[in-house]
$ cat start29.cif   # mmCIF, C-alpha atoms
data_entry
#
loop_
_atom_site.group_PDB
_atom_site.id
_atom_site.type_symbol
_atom_site.label_atom_id
_atom_site.label_comp_id
_atom_site.auth_asym_id
_atom_site.auth_seq_id
_atom_site.Cartn_x
_atom_site.Cartn_y
_atom_site.Cartn_z
ATOM 1 C CA MET C 1 127.230 96.328 111.238
ATOM 2 C CA SER C 2 128.462 94.338 108.264
ATOM 3 C CA ARG C 3 131.722 94.378 106.327
ATOM 4 C CA THR C 4 130.379 92.157 103.540
ATOM 5 C CA ARG C 5 129.698 93.362 99.996
ATOM 6 C CA VAL C 6 125.978 93.630 99.239
ATOM 7 C CA THR C 7 124.571 91.588 96.371
ATOM 8 C CA GLY C 8 121.949 94.077 95.186
ATOM 9 C CA ALA C 9 121.869 97.842 94.769
ATOM 10 C CA GLU C 10 118.732 98.126 96.901
ATOM 11 C CA ALA C 11 120.728 97.086 99.987
ATOM 12 C CA MET C 12 122.779 100.303 99.774
ATOM 13 C CA GLU C 13 119.768 102.442 100.743
ATOM 14 C CA THR C 14 120.416 102.169 104.485
ATOM 15 C CA ALA C 15 124.132 101.325 104.356
ATOM 16 C CA TYR C 16 126.379 104.121 105.530
ATOM 17 C CA GLY C 17 129.746 102.471 105.215
ATOM 18 C CA PHE C 18 129.678 99.502 107.565
ATOM 19 C CA SER C 19 126.896 101.074 109.643
ATOM 20 C CA THR C 20 123.156 100.879 109.043
ATOM 21 C CA VAL C 21 121.107 104.074 109.176
ATOM 22 C CA THR C 22 117.374 104.451 109.731
ATOM 23 C CA GLY C 23 116.516 105.433 106.176
ATOM 24 C CA ARG C 24 117.615 107.085 102.958
ATOM 25 C CA GLU C 25 117.057 110.594 104.350
ATOM 26 C CA GLU C 26 119.596 110.003 107.107
ATOM 27 C CA LYS C 27 122.068 108.464 104.672
ATOM 28 C CA GLN C 28 121.699 111.374 102.242
ATOM 29 C CA ALA C 29 122.240 113.893 105.020
ATOM 30 C CA ARG C 30 125.377 112.126 106.201
ATOM 31 C CA VAL C 31 126.771 111.780 102.687
ATOM 32 C CA ASN C 32 126.058 115.454 101.988
ATOM 33 C CA ASP C 33 128.009 116.393 105.093
ATOM 34 C CA VAL C 34 130.980 114.298 103.961
ATOM 35 C CA PHE C 35 131.164 116.021 100.591
ATOM 36 C CA HIS C 36 130.670 119.506 102.011
ATOM 37 C CA ARG C 37 133.743 118.820 104.125
ATOM 38 C CA VAL C 38 135.896 117.400 101.326
ATOM 39 C CA ALA C 39 134.781 119.567 98.375
ATOM 40 C CA GLU C 40 137.929 121.692 98.251
ATOM 41 C CA ARG C 41 140.095 118.595 98.605
ATOM 42 C CA TYR C 42 138.108 116.304 96.299
ATOM 43 C CA ASP C 43 140.945 115.666 93.845
ATOM 44 C CA LEU C 44 143.263 114.991 96.763
ATOM 45 C CA MET C 45 140.707 112.586 98.171
ATOM 46 C CA ASN C 46 140.535 110.638 94.915
ATOM 47 C CA ASP C 47 144.322 110.672 94.633
ATOM 48 C CA LEU C 48 144.539 109.101 98.089
ATOM 49 C CA MET C 49 141.789 106.566 97.388
ATOM 50 C CA SER C 50 143.268 105.430 94.068
ATOM 51 C CA GLY C 51 146.954 106.246 94.304
ATOM 52 C CA GLY C 52 146.397 108.859 91.585
ATOM 53 C CA LEU C 53 144.933 106.334 89.151
ATOM 54 C CA HIS C 54 141.469 107.932 89.160
ATOM 55 C CA ARG C 55 142.717 110.372 86.526
ATOM 56 C CA VAL C 56 143.711 107.523 84.211
ATOM 57 C CA TRP C 57 140.428 105.712 84.883
ATOM 58 C CA LYS C 58 138.317 108.785 84.082
ATOM 59 C CA SER C 59 140.207 109.246 80.832
ATOM 60 C CA ALA C 60 139.587 105.570 80.034
ATOM 61 C CA MET C 61 135.840 106.027 80.556
ATOM 62 C CA VAL C 62 135.735 109.082 78.293
ATOM 63 C CA SER C 63 137.788 107.253 75.673
ATOM 64 C CA TRP C 64 135.287 104.365 75.713
ATOM 65 C CA LEU C 65 132.403 106.838 75.539
ATOM 66 C CA ALA C 66 134.049 108.428 72.473
ATOM 67 C CA PRO C 67 132.069 111.700 72.336
ATOM 68 C CA PRO C 68 131.600 112.880 68.751
ATOM 69 C CA HIS C 69 133.274 115.923 67.225
ATOM 70 C CA ARG C 70 129.988 117.602 66.371
ATOM 71 C CA GLU C 71 127.603 120.116 67.867
ATOM 72 C CA GLY C 72 124.175 119.113 69.114
ATOM 73 C CA TRP C 73 125.329 116.100 71.140
ATOM 74 C CA ARG C 74 124.372 116.483 74.809
ATOM 75 C CA PHE C 75 125.432 114.650 77.926
ATOM 76 C CA ILE C 76 124.674 114.740 81.626
ATOM 77 C CA ASP C 77 127.345 114.003 84.212
ATOM 78 C CA VAL C 78 125.727 113.147 87.534
ATOM 79 C CA ALA C 79 127.497 113.500 90.891
ATOM 80 C CA GLY C 80 130.169 115.298 88.912
ATOM 81 C CA GLY C 81 130.199 118.586 90.774
ATOM 82 C CA THR C 82 133.875 119.422 90.387
ATOM 83 C CA GLY C 83 133.633 118.932 86.614
ATOM 84 C CA ASP C 84 136.508 116.495 86.313
ATOM 85 C CA VAL C 85 134.721 114.082 83.942
ATOM 86 C CA ALA C 86 132.691 116.756 82.135
ATOM 87 C CA PHE C 87 135.845 118.685 81.252
ATOM 88 C CA ARG C 88 137.341 115.558 79.723
ATOM 89 C CA ILE C 89 134.210 114.875 77.654
ATOM 90 C CA VAL C 90 134.096 118.412 76.264
ATOM 91 C CA GLU C 91 137.806 118.416 75.452
ATOM 92 C CA ALA C 92 137.546 114.992 73.791
ATOM 93 C CA SER C 93 134.868 116.434 71.480
ATOM 94 C CA ARG C 94 137.157 119.340 70.546
ATOM 95 C CA ARG C 95 134.858 121.571 72.588
ATOM 96 C CA ARG C 96 131.853 120.928 70.367
ATOM 97 C CA VAL C 97 129.452 119.081 72.684
ATOM 98 C CA THR C 98 127.489 120.531 75.598
ATOM 99 C CA GLY C 99 126.714 119.040 78.967
ATOM 100 C CA THR C 100 124.887 119.370 82.258
ATOM 101 C CA VAL C 101 126.861 118.742 85.416
ATOM 102 C CA LEU C 102 124.452 117.746 88.169
ATOM 103 C CA ASP C 103 125.292 117.277 91.822
ATOM 104 C CA ILE C 104 123.298 117.298 95.039
ATOM 105 C CA ASN C 105 126.101 119.140 96.797
ATOM 106 C CA ALA C 106 126.362 122.909 96.263
ATOM 107 C CA SER C 107 129.924 123.018 97.589
ATOM 108 C CA MET C 108 131.102 120.585 94.918
ATOM 109 C CA LEU C 109 129.232 122.505 92.196
ATOM 110 C CA GLY C 110 130.856 125.741 93.267
ATOM 111 C CA VAL C 111 134.286 124.230 92.796
ATOM 112 C CA GLY C 112 133.356 122.881 89.360
ATOM 113 C CA ALA C 113 131.766 126.091 88.074
ATOM 114 C CA GLU C 114 134.823 128.095 89.085
ATOM 115 C CA ARG C 115 137.126 125.634 87.351
ATOM 116 C CA ALA C 116 135.002 125.705 84.183
ATOM 117 C CA VAL C 117 135.415 129.461 83.919
ATOM 118 C CA LYS C 118 139.173 129.211 84.396
ATOM 119 C CA ARG C 119 139.390 126.575 81.640
ATOM 120 C CA GLY C 120 137.158 128.511 79.258
ATOM 121 C CA LEU C 121 134.549 125.723 79.260
ATOM 122 C CA ASP C 122 131.682 127.610 80.888
ATOM 123 C CA GLN C 123 129.961 128.037 77.492
ATOM 124 C CA ASN C 124 129.844 124.252 77.067
ATOM 125 C CA LEU C 125 128.631 123.338 80.537
ATOM 126 C CA VAL C 126 125.813 124.210 82.900
ATOM 127 C CA PHE C 127 126.057 123.298 86.595
ATOM 128 C CA VAL C 128 122.798 122.252 88.255
ATOM 129 C CA GLU C 129 122.028 121.313 91.848
ATOM 130 C CA GLY C 130 119.854 118.212 91.856
ATOM 131 C CA ASN C 131 119.230 114.712 93.116
ATOM 132 C CA ALA C 132 120.218 111.642 91.077
ATOM 133 C CA GLU C 133 117.077 109.891 92.312
ATOM 134 C CA ASP C 134 114.794 112.612 90.871
ATOM 135 C CA LEU C 135 116.538 114.604 88.150
ATOM 136 C CA LYS C 136 113.583 116.902 87.368
ATOM 137 C CA LEU C 137 114.739 117.076 83.754
ATOM 138 C CA PRO C 138 112.759 116.272 80.588
ATOM 139 C CA ASP C 139 112.502 112.764 79.190
ATOM 140 C CA ALA C 140 114.882 111.706 76.420
ATOM 141 C CA GLY C 141 116.998 114.832 76.533
ATOM 142 C CA PHE C 142 120.551 113.457 76.524
ATOM 143 C CA ASP C 143 122.752 111.327 74.299
ATOM 144 C CA ALA C 144 124.879 110.100 77.214
ATOM 145 C CA TYR C 145 124.681 109.820 80.995
ATOM 146 C CA THR C 146 127.904 109.490 82.969
ATOM 147 C CA ILE C 147 128.582 109.096 86.664
ATOM 148 C CA ALA C 148 132.009 108.560 88.222
ATOM 149 C CA PHE C 149 132.582 107.512 91.827
ATOM 150 C CA GLY C 150 129.155 108.788 92.804
ATOM 151 C CA ILE C 151 126.539 106.101 92.457
ATOM 152 C CA ARG C 152 127.570 104.184 95.564
ATOM 153 C CA ASN C 153 126.702 107.295 97.603
ATOM 154 C CA VAL C 154 123.132 107.454 96.253
ATOM 155 C CA PRO C 155 120.704 105.913 98.770
ATOM 156 C CA ARG C 156 118.274 104.495 96.162
ATOM 157 C CA ILE C 157 120.563 103.330 93.371
ATOM 158 C CA ASP C 158 117.693 101.631 91.527
ATOM 159 C CA SER C 159 115.873 104.985 91.371
ATOM 160 C CA ALA C 160 118.996 106.681 90.019
ATOM 161 C CA LEU C 161 119.337 104.022 87.307
ATOM 162 C CA ALA C 162 115.679 104.427 86.371
ATOM 163 C CA GLU C 163 116.185 108.188 86.077
ATOM 164 C CA ALA C 164 119.262 107.643 83.913
ATOM 165 C CA TYR C 165 117.183 105.503 81.565
ATOM 166 C CA ARG C 166 114.369 108.073 81.481
ATOM 167 C CA VAL C 167 116.479 111.118 80.550
ATOM 168 C CA LEU C 168 118.443 109.335 77.817
ATOM 169 C CA LYS C 169 117.344 109.471 74.194
ATOM 170 C CA PRO C 170 116.662 106.171 72.405
ATOM 171 C CA GLY C 171 120.122 104.976 71.444
ATOM 172 C CA GLY C 172 121.613 106.865 74.398
ATOM 173 C CA ARG C 173 124.393 105.430 76.507
ATOM 174 C CA PHE C 174 124.831 104.994 80.270
ATOM 175 C CA MET C 175 128.374 104.828 81.644
ATOM 176 C CA CYS C 176 129.414 104.439 85.267
ATOM 177 C CA LEU C 177 132.912 104.425 86.732
ATOM 178 C CA GLU C 178 133.030 103.096 90.273
ATOM 179 C CA PHE C 179 135.354 101.388 92.707
ATOM 180 C CA SER C 180 134.626 97.673 92.572
ATOM 181 C CA GLU C 181 135.800 94.208 93.622
ATOM 182 C CA VAL C 182 139.446 93.326 93.070
ATOM 183 C CA ASP C 183 139.726 90.057 91.133
ATOM 184 C CA MET C 184 143.396 89.320 91.921
ATOM 185 C CA PRO C 185 143.928 87.641 95.328
ATOM 186 C CA ILE C 186 147.323 89.158 96.132
ATOM 187 C CA LEU C 187 146.322 92.622 94.959
ATOM 188 C CA ASP C 188 143.099 92.264 96.932
ATOM 189 C CA LYS C 189 145.030 91.839 100.193
ATOM 190 C CA ILE C 190 147.379 94.727 99.440
ATOM 191 C CA TYR C 191 144.514 97.027 98.470
ATOM 192 C CA GLU C 192 142.497 96.135 101.560
ATOM 193 C CA GLN C 193 145.420 96.955 103.832
ATOM 194 C CA TRP C 194 145.968 100.245 101.995
ATOM 195 C CA SER C 195 142.275 101.115 102.190
ATOM 196 C CA PHE C 196 141.568 100.331 105.825
ATOM 197 C CA LYS C 197 144.930 101.012 107.440
ATOM 198 C CA VAL C 198 146.530 103.776 105.398
ATOM 199 C CA ILE C 199 143.853 105.915 103.750
ATOM 200 C CA PRO C 200 142.001 106.950 106.969
ATOM 201 C CA ARG C 201 145.330 107.819 108.580
ATOM 202 C CA ILE C 202 146.360 109.946 105.599
ATOM 203 C CA GLY C 203 142.927 111.577 105.587
ATOM 204 C CA GLU C 204 143.383 112.492 109.233
ATOM 205 C CA THR C 205 146.878 113.882 108.635
ATOM 206 C CA VAL C 206 146.405 115.659 105.305
ATOM 207 C CA ALA C 207 142.747 116.676 105.383
ATOM 208 C CA ARG C 208 142.159 116.575 109.165
ATOM 209 C CA ASP C 209 139.108 114.422 108.444
ATOM 210 C CA ARG C 210 139.495 110.751 109.331
ATOM 211 C CA ASP C 211 135.754 110.040 109.567
ATOM 212 C CA SER C 212 134.994 111.046 105.958
ATOM 213 C CA TYR C 213 137.767 108.876 104.604
ATOM 214 C CA GLU C 214 136.700 105.924 106.726
ATOM 215 C CA TYR C 215 133.171 106.201 105.327
ATOM 216 C CA LEU C 216 134.420 106.390 101.736
ATOM 217 C CA VAL C 217 136.593 103.300 102.168
ATOM 218 C CA GLU C 218 133.759 101.373 103.818
ATOM 219 C CA SER C 219 131.268 102.396 101.118
ATOM 220 C CA ILE C 220 133.581 100.934 98.472
ATOM 221 C CA ARG C 221 133.764 97.647 100.346
ATOM 222 C CA ARG C 222 129.965 97.420 100.610
ATOM 223 C CA PHE C 223 129.103 98.285 96.987
ATOM 224 C CA PRO C 224 127.867 95.400 94.762
ATOM 225 C CA ASN C 225 130.528 93.660 92.694
ATOM 226 C CA GLN C 226 130.773 93.990 88.930
ATOM 227 C CA ALA C 227 128.322 91.230 87.995
ATOM 228 C CA ASN C 228 125.701 92.230 90.560
ATOM 229 C CA PHE C 229 125.836 95.888 89.602
ATOM 230 C CA ALA C 230 125.546 94.934 85.915
ATOM 231 C CA ALA C 231 122.372 93.020 86.837
ATOM 232 C CA SER C 232 120.924 96.180 88.406
ATOM 233 C CA ILE C 233 121.678 98.147 85.242
ATOM 234 C CA ARG C 234 119.883 95.523 83.145
ATOM 235 C CA ALA C 235 116.928 95.592 85.543
ATOM 236 C CA ALA C 236 116.591 99.324 84.853
ATOM 237 C CA GLY C 237 115.969 98.513 81.186
ATOM 238 C CA PHE C 238 119.423 98.946 79.674
ATOM 239 C CA GLU C 239 120.663 96.528 77.030
ATOM 240 C CA ARG C 240 124.096 95.411 75.832
ATOM 241 C CA VAL C 241 125.333 95.877 79.396
ATOM 242 C CA THR C 242 129.010 95.151 79.872
ATOM 243 C CA TYR C 243 131.903 96.255 82.027
ATOM 244 C CA ARG C 244 135.655 96.623 81.933
ATOM 245 C CA ASN C 245 137.868 96.118 84.958
ATOM 246 C CA LEU C 246 140.579 98.649 85.657
ATOM 247 C CA SER C 247 143.740 97.929 87.647
ATOM 248 C CA GLY C 248 142.714 94.387 88.529
ATOM 249 C CA GLY C 249 139.153 95.356 89.470
ATOM 250 C CA ILE C 250 139.985 98.152 91.902
ATOM 251 C CA ALA C 251 137.613 100.104 89.687
ATOM 252 C CA ALA C 252 135.296 99.142 86.830
ATOM 253 C CA ILE C 253 133.516 100.952 84.007
ATOM 254 C CA HIS C 254 129.962 99.764 83.334
ATOM 255 C CA SER C 255 128.259 100.532 80.034
ATOM 256 C CA GLY C 256 124.655 100.095 78.921
ATOM 257 C CA TRP C 257 122.448 101.314 76.094
ATOM 258 C CA LYS C 258 118.844 102.529 75.908
ATOM 259 C CA LEU C 259 117.670 100.644 72.836
#
$ encode --input "start29.cif" --output "structure tokens"
Amino acid sequence: MSRTRVTGAEAMETAYGFSTVTGREEKQARVNDVFHRVAERYDLMNDLMSGGLHRVWKSAMVSWLAPPHREGWRFIDVAGGTGDVAFRIVEASRRRVTGTVLDINASMLGVGAERAVKRGLDQNLVFVEGNAEDLKLPDAGFDAYTIAFGIRNVPRIDSALAEAYRVLKPGGRFMCLEFSEVDMPILDKIYEQWSFKVIPRIGETVARDRDSYEYLVESIRRFPNQANFAASIRAAGFERVTYRNLSGGIAAIHSGWKL
């Protein structure tokens, strides 16, 4: 058991929070179980994890992506089952672009598809059950690939990055929003206390699910920091890789281009 942050994405394959599992199949099964349990409370979960800031961070990612106000532009949002990011992208384009929302978890997709209908966005979006490590989609089919708070739960992150590169068109853009390493010492201490002492307790009280919230907090602490994750994105073939810290590094947006 280790509480230290890994230095490379490949080390996340057998890391389930602070525990080590036997392989990626066991990790995937455990992660799937977590998200089946929290699907109906996913927004609440993110509110608890971020103090409500996840909404601002997602809007910041979409603003940086700057989807065009024209038809024909296509994106894929991976691990985005509830549609939170996809809805923002479509609305930012004035409802002109189309997207695929892909998630390995059917419970999350069910929530997202229902919300899309209620918002009148079901004509812009298709919801697909699939694995980030093996998208089973054609090469060079999308102008943008987004993933928010999902890549740290993928066992083989390098495979997911390779798939992102494959399905993007030349000139396409990869964007990832993920919890990261706080770069302000005082904030770091406050956030760590909030994460490990408060969030699991709130999860137990509000969602009756302490274990899921403990895993999610631990997975954040283990994920590679900004520079190391940027190196993994470059290794997948992306160029002009950069990142922006949000709220002192509690989260970060990474951007890369297929050139």
$ closest_atom_pairs --input "start29.cif" --of "segment 172-243 of chain C" --to "segment 58-64 of chain C" --cutoff "9 Å" --atoms "only C-alpha atoms" --output "Markdown table"
| residue | atom | partner | partner_atom | distance |
| --- | --- | --- | --- | --- |
| C:Met175 | CA | C:Met61 | CA | 7.6 |
| C:Cys176 | CA | C:Met61 | CA | 8.1 |
| C:Leu177 | CA | C:Met61 | CA | 7.0 |
$ closest_residue --input "start29.cif" --among "C:Ile147, C:Leu161, C:Ile202, C:Ala66" --to "Ser93 of chain C" --atoms "all atoms listed in the file"
C:Ala66
$ resolve_selection --input "start29.cif" --expression "the PyMOL selection byres ((chain C and resi 131-135) around 9)" --output "short mmCIF file (atom, residue, chain, number, x, y, z; two decimals) with C-alpha atoms, keeping the file's coordinate frame"
data_model
loop_
_atom_site.label_atom_id
_atom_site.label_comp_id
_atom_site.auth_asym_id
_atom_site.auth_seq_id
_atom_site.Cartn_x
_atom_site.Cartn_y
_atom_site.Cartn_z
CA VAL C 78 125.73 113.15 87.53
CA ALA C 79 127.50 113.50 90.89
CA LEU C 102 124.45 117.75 88.17
CA ASP C 103 125.29 117.28 91.82
CA ILE C 104 123.30 117.30 95.04
CA ASN C 105 126.10 119.14 96.80
CA GLU C 129 122.03 121.31 91.85
CA GLY C 130 119.85 118.21 91.86
CA LYS C 136 113.58 116.90 87.37
CA LEU C 137 114.74 117.08 83.75
CA PRO C 138 112.76 116.27 80.59
CA ILE C 151 126.54 106.10 92.46
CA VAL C 154 123.13 107.45 96.25
CA PRO C 155 120.70 105.91 98.77
CA ARG C 156 118.27 104.50 96.16
CA ILE C 157 120.56 103.33 93.37
CA ASP C 158 117.69 101.63 91.53
CA SER C 159 115.87 104.98 91.37
CA ALA C 160 119.00 106.68 90.02
CA LEU C 161 119.34 104.02 87.31
CA ALA C 162 115.68 104.43 86.37
CA GLU C 163 116.18 108.19 86.08
CA ALA C 164 119.26 107.64 83.91
CA VAL C 167 116.48 111.12 80.55
#
$ resolve_selection --input "start29.cif" --expression "the PyMOL selection byres ((chain C and resi 121) around 10)" --output "number ranges by chain"
C: 86-87, 90-91, 95, 98, 113, 115-120, 122-126
$ closest_residue --input "start29.cif" --among "C:Ser50, C:Arg96, C:Ile89, C:Gly172" --to "Glu192 of chain C" --atoms "all atoms listed in the file"
C:Ser50
$ closest_residue --input "start29.cif" --among "C:His254, C:Arg55, C:Arg173, C:Arg70" --to "Asp84 of chain C" --atoms "only C-alpha atoms"
C:Arg55
$ resolve_selection --input "start29.cif" --expression "the PyMOL selection byres ((chain C and resi 250) around 9)" --output "ChimeraX atom specification"
/C:50,178-183,187-188,191,245-249,251-252
$ atom_distance --input "start29.cif" --atom1 "atom CA of Lys258 of chain C" --atom2 "atom CA of Arg222 of chain C"
27.6 Å
$ closest_residue --input "start29.cif" --among "C:Leu109, C:Leu168, C:Ile199, C:Ala144" --to "Thr82 of chain C" --atoms "all atoms listed in the file"
C:Leu109
$ atom_distance --input "start29.cif" --atom1 "atom CA of Gly80 of chain C" --atom2 "atom CA of Asp43 of chain C"
11.9 Å
$ closest_residue --input "start29.cif" --among "C:Gly72, C:Gly81, C:Pro67, C:Gly256" --to "Phe149 of chain C" --atoms "all atoms listed in the file"
C:Gly81
$ closest_residue --input "start29.cif" --among "C:Val241, C:Ile76, C:Val85, C:Val101" --to "Leu259 of chain C" --atoms "only C-alpha atoms"
C:Val241
$ axis_aligned_box --input "start29.cif" --around "segment 167-174 of chain C" --padding-each-side "5 Å" --output "lines of an AutoDock Vina configuration file"
center_x = 120.7
center_y = 108.0
center_z = 76.0
size_x = 18.4
size_y = 16.1
size_z = 19.1
$ atom_distance --input "start29.cif" --atom1 "atom CA of Lys169 of chain C" --atom2 "atom CA of Gly237 of chain C"
13.1 Å
$ build_atoms --input "start29.cif" --residues "segment 74-83 of chain C" --atoms "all heavy atoms" --output "mmCIF file, keeping the file's coordinate frame"
data_model
loop_
_atom_site.group_PDB
_atom_site.id
_atom_site.type_symbol
_atom_site.label_atom_id
_atom_site.label_comp_id
_atom_site.auth_asym_id
_atom_site.auth_seq_id
_atom_site.Cartn_x
_atom_site.Cartn_y
_atom_site.Cartn_z
ATOM 1 N N ARG C 74 124.498 116.016 73.429
ATOM 2 C CA ARG C 74 124.372 116.483 74.809
ATOM 3 C C ARG C 74 124.557 115.343 75.789
ATOM 4 O O ARG C 74 124.103 114.223 75.566
ATOM 5 C CB ARG C 74 122.992 117.113 75.038
ATOM 6 C CG ARG C 74 122.696 118.326 74.175
ATOM 7 C CD ARG C 74 121.314 118.869 74.497
ATOM 8 N NE ARG C 74 121.242 119.342 75.873
ATOM 9 C CZ ARG C 74 120.186 119.207 76.665
ATOM 10 N NH1 ARG C 74 119.107 118.558 76.235
ATOM 11 N NH2 ARG C 74 120.190 119.688 77.892
ATOM 12 N N PHE C 75 125.232 115.648 76.873
ATOM 13 C CA PHE C 75 125.432 114.650 77.926
ATOM 14 C C PHE C 75 125.081 115.238 79.281
ATOM 15 O O PHE C 75 125.019 116.456 79.460
ATOM 16 C CB PHE C 75 126.886 114.153 77.933
ATOM 17 C CG PHE C 75 127.899 115.146 78.433
ATOM 18 C CD1 PHE C 75 128.263 115.179 79.768
ATOM 19 C CD2 PHE C 75 128.483 116.062 77.572
ATOM 20 C CE1 PHE C 75 129.193 116.103 80.243
ATOM 21 C CE2 PHE C 75 129.414 116.988 78.016
ATOM 22 C CZ PHE C 75 129.771 117.009 79.356
ATOM 23 N N ILE C 76 124.836 114.340 80.238
ATOM 24 C CA ILE C 76 124.674 114.740 81.626
ATOM 25 C C ILE C 76 125.662 113.945 82.453
ATOM 26 O O ILE C 76 125.774 112.724 82.303
ATOM 27 C CB ILE C 76 123.223 114.534 82.128
ATOM 28 C CG1 ILE C 76 123.112 114.969 83.593
ATOM 29 C CG2 ILE C 76 122.734 113.110 81.919
ATOM 30 C CD1 ILE C 76 121.679 115.060 84.109
ATOM 31 N N ASP C 77 126.411 114.648 83.290
ATOM 32 C CA ASP C 77 127.345 114.003 84.212
ATOM 33 C C ASP C 77 126.804 114.194 85.617
ATOM 34 O O ASP C 77 126.739 115.322 86.117
ATOM 35 C CB ASP C 77 128.743 114.599 84.074
ATOM 36 C CG ASP C 77 129.753 113.889 84.958
ATOM 37 O OD1 ASP C 77 129.769 112.639 84.943
ATOM 38 O OD2 ASP C 77 130.511 114.567 85.675
ATOM 39 N N VAL C 78 126.394 113.102 86.232
ATOM 40 C CA VAL C 78 125.727 113.147 87.534
ATOM 41 C C VAL C 78 126.744 112.881 88.644
ATOM 42 O O VAL C 78 127.666 112.085 88.487
ATOM 43 C CB VAL C 78 124.572 112.123 87.576
ATOM 44 C CG1 VAL C 78 123.930 112.068 88.958
ATOM 45 C CG2 VAL C 78 123.530 112.487 86.518
ATOM 46 N N ALA C 79 126.555 113.576 89.766
ATOM 47 C CA ALA C 79 127.497 113.500 90.891
ATOM 48 C C ALA C 79 128.887 113.924 90.436
ATOM 49 O O ALA C 79 129.883 113.439 90.944
ATOM 50 C CB ALA C 79 127.521 112.093 91.492
ATOM 51 N N GLY C 80 128.908 114.849 89.489
ATOM 52 C CA GLY C 80 130.169 115.298 88.912
ATOM 53 C C GLY C 80 130.481 116.738 89.221
ATOM 54 O O GLY C 80 131.027 117.457 88.370
ATOM 55 N N GLY C 81 130.141 117.180 90.416
ATOM 56 C CA GLY C 81 130.199 118.586 90.774
ATOM 57 C C GLY C 81 131.473 119.322 90.430
ATOM 58 O O GLY C 81 131.433 120.474 89.991
ATOM 59 N N THR C 82 132.621 118.709 90.628
ATOM 60 C CA THR C 82 133.875 119.422 90.387
ATOM 61 C C THR C 82 134.228 119.494 88.905
ATOM 62 O O THR C 82 135.199 120.153 88.537
ATOM 63 C CB THR C 82 135.042 118.758 91.145
ATOM 64 O OG1 THR C 82 135.217 117.421 90.685
ATOM 65 C CG2 THR C 82 134.787 118.759 92.644
ATOM 66 N N GLY C 83 133.457 118.811 88.060
ATOM 67 C CA GLY C 83 133.633 118.932 86.614
ATOM 68 C C GLY C 83 134.721 118.075 86.006
ATOM 69 O O GLY C 83 134.959 118.164 84.793
#
